[in-house]
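One structure is given here, and the rest of the page talks about it.
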Amino acid sequence: MTMKAEHTRQDEHWGERLSAFLDGELNERQMKALAARLESDPEARRRYGRYAQIAAHLSGDGGARVDASGVAARVSAALADEPTVLAPREWRKALRLPRLALGAALAAGVAMVAVTLAPQLIGQRSPAPALLPEAQTFAFAPRMSVPADGLRTVSLETGPRHAAQPPAARKAAPAGRWKVMEPAMRERLTRYLLQHNEVAGQIGAQRPSAHVSFVSAQYARRP
Amino acid sequence: MPAVPDRLKALLLLLLLGLPSLAGADAAADWLVRMRQAVHQLDYEGRFVYQVGDRLEGMYVVHRVRDGHELERLVALDGEPKQVIRGEQGVACLEPRSHHISVVGNRAGILKDPAEDLDGIAAHYELRLDERPLRTAGRPALQLEIRPRDRLRFGYRIELDRETALPLRSVLLEHDGRVRSQTLFVDLKTGRDITPIEKDLSALALTRMPARAAAMPRDSRVQWQFRGLPPGFRLITEGSSDSGGRHFVFTDGLASVSLYIEPGAEPLLQGFSRIGATGAYGARRHGHQLVAVGEVPRRTLRLIAEAAQPR
């Protein structure tokens with residue numbers, strides 16, 4: 001394996017670890033390794049800051065605001081509240097110092113990235129038009145059809161109700177995490193999400209509808 | 001006869017009252033089957049809230065069954081008025097602001113018998129029914145708890161309508177008990193007086209799948225097999241994706257994961273991503289892009305993607 005390939009593999013590994021930490025899926029041993037890495041590697045700290053910012057923006061506040069202190073508190077709480085079943089008490093004591101260092105490093109990274117990203121993220125919340133379910137009939141006029149196995153995407157012309165919306169309302173779109181990707185990638189992932197929702201709804205059926213995650217404002221496509 | 005202390009009497013009384021209300025796994029499994037049937041077979045209409053993180057959103061749903069076909073409309077009540085319309089052939093997903101309609105094939109009937117997976121479910125989840133009086137969305141309810149036996153799947157806490165078995169509140173739980181997402185009806189109508197969605201022909205017309213669908217190209221050069229799947233997960237169906245790749249579906253009976261495998265060098269997703277409660281994991285292997293999507297822990301997504309190997 002070349003050095004470049006090894007570097008890429010390690011980058012992917014640490015990217016996964018940081019992302020997993022934000023979702024509370026690391027055990028103590030993994031957190032200890034992460035803490036050591038963050039202490040010694042400024043690039044890893046910067047990377048964590050980016051991940052934390054994206055997570056706060058997309059899974060918590062949906063793009064309405066940047067709350068760096070909230071992220072830091074969440075991280076601290078996650079570190080403090082780990083289940084005791086994961087490690088003996090003595091080991092947990094031994095981990096206390098790295099954890100504190102980790103918390104400090106994370107908070108610093110988050111604060112720095114918040115300054116960098118805040119202007120781009122603030123003020124993206126879209127207005128919420130008052131709509132009644134019975135008023136949801138659009139005049140659909142598909143203009144272009146691209147048939148596909150399992151899915152097609154067509155352009156949509158909406159009726160007067162939509163046309164009457166102010167342009168600003170049409171442009172504003174709340175974000176989903178997939179917004180950070182290129183439009184073509186997001187398009188494909190959206191198709192994957194829709195197809196998966198349809199299957200999952202048939203199997204699990206724990207919700208009123210299978211497509212709640214698509215309809216949610218947490219996901220939106222840019223116009 | 002010695003006197004029984006008041007505290008002990010109270011404890012015995014509590015036990016007597018409590019024990020019968022915590023039903024066994026069989027009763028819980030029965031309600032799980034009833035819920036699955038209710039969601040697909042009943043007519044219902046209502047508004048519910050959807051929570052992920054600290055964000056709360058309102059949605060409206062109407063669901064009807066006509067001539068054996070499910071018809072449904074789901075509408076976002078906050079933000080962009082996105083909606084999903086289910087017809088006999090397909091499901092149309094509308095995003096008015098970006099002028100997009102996506103239509104996916106209706107996968108009704110993918111799980112033929114809702115009861116067939118109960119043994120598999122019991123092997124990987126602990127089912128528990130709590131029949132103590134509960135009121136949800138203004139209706140008498142009971143609580144079904146589904147606890148995973150390992151960290152490869154999420155848990156569920158579902159409050160079911162005693163009359164219809166519809167999920168009035170459905171909570172998706174992380175392994176440590178944290179709420180990952182939840183839906184909660186705030187009002188619900190069942191039976192008669194449901195909005196007749198079948199009369200909205202213009203909306204249902206959108207759900208028709210094009211006749212050319214079956215003629216899409218397939219990546220037939222590579223056949224895939226799966227080794228080292230997470231315990232309990234098995235392949236239940238596969239088909240073509242719209243970009244010439246393959247779509248595999250795995251389930252443990254409750255949770256499901258879709259794995260998309262597409263040929264070519266174009267990078268799509270590397271590592272993890274997430275929309276609401278749904279996670280995704282992407283990786284490039286054997287000259288293909290693999291993307292696993294599902295409401296399961298990220299480790300499960302990764303294990304399923306890594307299990308794929310060319311034959």
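Scheme for the structure tokens: letters A, B, ... for chains in order shown; per-chain residue numbers from 1; ligand numbers from 1 in order shown.
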*asked:* Just want the 9 Å neighbourhood of Gly155 in chain B, counted on only C-alpha atoms, with same-chain residues fewer than 2 positions away dropped. Output as a PyMOL selection string.
replied: chain B and resi 125+145-148+153+157+171-175+177
*From the list B:Asp119, B:Asp67, B:Asp150, B:Asp252, which residue is nearest chain A when using only C-alpha atoms?*
B:Asp252
*Those in range 9-235 of chain B with strand (DSSP E) from DSSP, as a ChimeraX atom specification*: /B:22-23,44-52,55-66,69-76,83-86,90-95,100-105,125-136,139-148,155-161,167-173,179-190,224-226,234-235
If you run DSSP over the backbone, which residues in range 85-263 of chain B end up helix (DSSP H, G or I)? Put them as a PDB file with N, CA and C atoms, in the first residue's frame.
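Final file, selection_34.pdb:
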```
ATOM      1  N   PRO B  96     -42.256  21.352  -3.992  1.00  0.00           N
ATOM      2  CA  PRO B  96     -42.746  22.474  -4.801  1.00  0.00           C
ATOM      3  C   PRO B  96     -41.701  23.554  -5.049  1.00  0.00           C
ATOM      4  N   ARG B  97     -40.884  23.857  -4.061  1.00  0.00           N
ATOM      5  CA  ARG B  97     -39.966  24.986  -4.242  1.00  0.00           C
ATOM      6  C   ARG B  97     -38.923  24.725  -5.310  1.00  0.00           C
ATOM      7  N   SER B  98     -38.473  23.498  -5.408  1.00  0.00           N
ATOM      8  CA  SER B  98     -37.452  23.203  -6.413  1.00  0.00           C
ATOM      9  C   SER B  98     -38.069  22.575  -7.659  1.00  0.00           C
ATOM     10  N   LEU B 118     -41.683 -13.231  13.297  1.00  0.00           N
ATOM     11  CA  LEU B 118     -41.735 -13.067  14.755  1.00  0.00           C
ATOM     12  C   LEU B 118     -40.616 -13.809  15.487  1.00  0.00           C
ATOM     13  N   ASP B 119     -40.253 -15.006  15.008  1.00  0.00           N
ATOM     14  CA  ASP B 119     -39.176 -15.747  15.661  1.00  0.00           C
ATOM     15  C   ASP B 119     -37.857 -14.984  15.556  1.00  0.00           C
ATOM     16  N   GLY B 120     -37.600 -14.463  14.363  1.00  0.00           N
ATOM     17  CA  GLY B 120     -36.371 -13.693  14.161  1.00  0.00           C
ATOM     18  C   GLY B 120     -36.356 -12.429  15.016  1.00  0.00           C
ATOM     19  N   ILE B 121     -37.508 -11.794  15.106  1.00  0.00           N
ATOM     20  CA  ILE B 121     -37.604 -10.576  15.912  1.00  0.00           C
ATOM     21  C   ILE B 121     -37.322 -10.905  17.370  1.00  0.00           C
ATOM     22  N   ALA B 122     -37.909 -11.996  17.857  1.00  0.00           N
ATOM     23  CA  ALA B 122     -37.728 -12.361  19.263  1.00  0.00           C
ATOM     24  C   ALA B 122     -36.275 -12.709  19.576  1.00  0.00           C
ATOM     25  N   ALA B 123     -35.544 -13.174  18.567  1.00  0.00           N
ATOM     26  CA  ALA B 123     -34.140 -13.519  18.797  1.00  0.00           C
ATOM     27  C   ALA B 123     -33.271 -12.289  18.997  1.00  0.00           C
ATOM     28  N   HIS B 124     -33.709 -11.168  18.469  1.00  0.00           N
ATOM     29  CA  HIS B 124     -32.855  -9.979  18.520  1.00  0.00           C
ATOM     30  C   HIS B 124     -33.481  -8.797  19.253  1.00  0.00           C
ATOM     31  N   ILE B 197     -59.330  10.516  -0.785  1.00  0.00           N
ATOM     32  CA  ILE B 197     -58.156  10.801  -1.618  1.00  0.00           C
ATOM     33  C   ILE B 197     -58.286  10.174  -3.005  1.00  0.00           C
ATOM     34  N   GLU B 198     -59.067   9.094  -3.108  1.00  0.00           N
ATOM     35  CA  GLU B 198     -59.183   8.421  -4.396  1.00  0.00           C
ATOM     36  C   GLU B 198     -59.888   9.283  -5.442  1.00  0.00           C
ATOM     37  N   LYS B 199     -60.544  10.359  -5.003  1.00  0.00           N
ATOM     38  CA  LYS B 199     -61.222  11.236  -5.960  1.00  0.00           C
ATOM     39  C   LYS B 199     -60.274  12.299  -6.527  1.00  0.00           C
ATOM     40  N   LEU B 201     -57.923  12.748  -8.733  1.00  0.00           N
ATOM     41  CA  LEU B 201     -57.319  12.023  -9.846  1.00  0.00           C
ATOM     42  C   LEU B 201     -56.029  12.681 -10.326  1.00  0.00           C
ATOM     43  N   SER B 202     -55.977  14.017 -10.281  1.00  0.00           N
ATOM     44  CA  SER B 202     -54.772  14.686 -10.780  1.00  0.00           C
ATOM     45  C   SER B 202     -53.566  14.339  -9.917  1.00  0.00           C
ATOM     46  N   ALA B 203     -53.791  14.213  -8.630  1.00  0.00           N
ATOM     47  CA  ALA B 203     -52.681  13.857  -7.745  1.00  0.00           C
ATOM     48  C   ALA B 203     -52.269  12.397  -7.954  1.00  0.00           C
ATOM     49  N   LEU B 204     -53.262  11.534  -8.044  1.00  0.00           N
ATOM     50  CA  LEU B 204     -52.943  10.116  -8.197  1.00  0.00           C
ATOM     51  C   LEU B 204     -52.295   9.817  -9.546  1.00  0.00           C
ATOM     52  N   ALA B 205     -52.596  10.667 -10.548  1.00  0.00           N
ATOM     53  CA  ALA B 205     -51.986  10.454 -11.859  1.00  0.00           C
ATOM     54  C   ALA B 205     -50.463  10.540 -11.781  1.00  0.00           C
ATOM     55  N   ALA B 211     -44.045   2.976 -18.373  1.00  0.00           N
ATOM     56  CA  ALA B 211     -43.981   1.600 -18.877  1.00  0.00           C
ATOM     57  C   ALA B 211     -42.558   1.159 -19.165  1.00  0.00           C
ATOM     58  N   ARG B 212     -41.657   2.130 -19.423  1.00  0.00           N
ATOM     59  CA  ARG B 212     -40.291   1.775 -19.787  1.00  0.00           C
ATOM     60  C   ARG B 212     -39.444   1.358 -18.583  1.00  0.00           C
ATOM     61  N   ALA B 213     -40.046   1.398 -17.429  1.00  0.00           N
ATOM     62  CA  ALA B 213     -39.255   1.181 -16.223  1.00  0.00           C
ATOM     63  C   ALA B 213     -38.451  -0.118 -16.264  1.00  0.00           C
ATOM     64  N   ALA B 214     -39.072  -1.193 -16.779  1.00  0.00           N
ATOM     65  CA  ALA B 214     -38.402  -2.488 -16.727  1.00  0.00           C
ATOM     66  C   ALA B 214     -37.221  -2.579 -17.689  1.00  0.00           C
ATOM     67  N   ALA B 215     -37.122  -1.618 -18.608  1.00  0.00           N
ATOM     68  CA  ALA B 215     -36.091  -1.722 -19.634  1.00  0.00           C
ATOM     69  C   ALA B 215     -34.781  -1.031 -19.251  1.00  0.00           C
TER      70      ALA B 215
END
```
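Considering only C-alpha atoms, the residue among A:Ser209, A:Tyr48, A:Phe214, A:Ala36 positioned nearest to Arg191 in chain A is A:Phe214.
The coordinates place CA of Leu74 in chain B at 28.5 Å from CA of Ala28 in chain B.
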*asked:* Measuring between only C-alpha atoms, which one of B:Pro297, B:Gly244, B:Gly239, B:Gly53 shows the shortest distance to Arg151 in chain B?
replied: B:Pro297
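Comparing A:Ala44, A:Leu38, A:Ala33, A:Leu194 by their smallest distance to chain B, the closest is A:Leu194 (using only C-alpha atoms).
Using only C-alpha atoms, the smallest distance between any of B:Ala29, B:Leu144, B:Ile275, B:Leu301 and chain A comes from B:Ile275.
Nearest residue to chain B among A:Met185, A:Glu43, A:Leu18, A:Met31 is A:Met185, counting only C-alpha atoms.
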*asked:* Applying 10 Å and only C-alpha atoms, which residues near Phe248 in chain B remain after dropping the ones on its own chain fewer than 5 positions away? List them as a ChimeraX atom specification.
replied: /A:196 /B:224,235-241,257-261,292
Output C-alpha atoms for every residue in that selection, as an mmCIF file, in the first residue's frame.
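Once written, out16.cif looks like this:
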```
data_model
loop_
_atom_site.group_PDB
_atom_site.id
_atom_site.type_symbol
_atom_site.label_atom_id
_atom_site.label_comp_id
_atom_site.auth_asym_id
_atom_site.auth_seq_id
_atom_site.Cartn_x
_atom_site.Cartn_y
_atom_site.Cartn_z
ATOM 1 C CA HIS A 196 -35.478 2.882 1.055
ATOM 2 C CA TRP B 224 -22.792 -10.017 -5.384
ATOM 3 C CA LEU B 235 -31.335 -10.395 2.377
ATOM 4 C CA ILE B 236 -35.037 -10.335 1.558
ATOM 5 C CA THR B 237 -35.165 -8.793 -1.884
ATOM 6 C CA GLU B 238 -33.047 -7.273 -4.586
ATOM 7 C CA GLY B 239 -33.685 -5.299 -7.717
ATOM 8 C CA SER B 240 -32.251 -2.679 -10.021
ATOM 9 C CA SER B 241 -31.605 0.891 -9.010
ATOM 10 C CA VAL B 257 -31.243 -1.491 5.428
ATOM 11 C CA SER B 258 -31.022 -0.794 1.712
ATOM 12 C CA LEU B 259 -27.674 -1.351 0.045
ATOM 13 C CA TYR B 260 -27.122 0.313 -3.329
ATOM 14 C CA ILE B 261 -24.227 -0.884 -5.441
ATOM 15 C CA ALA B 292 -26.115 1.607 2.799
#
```
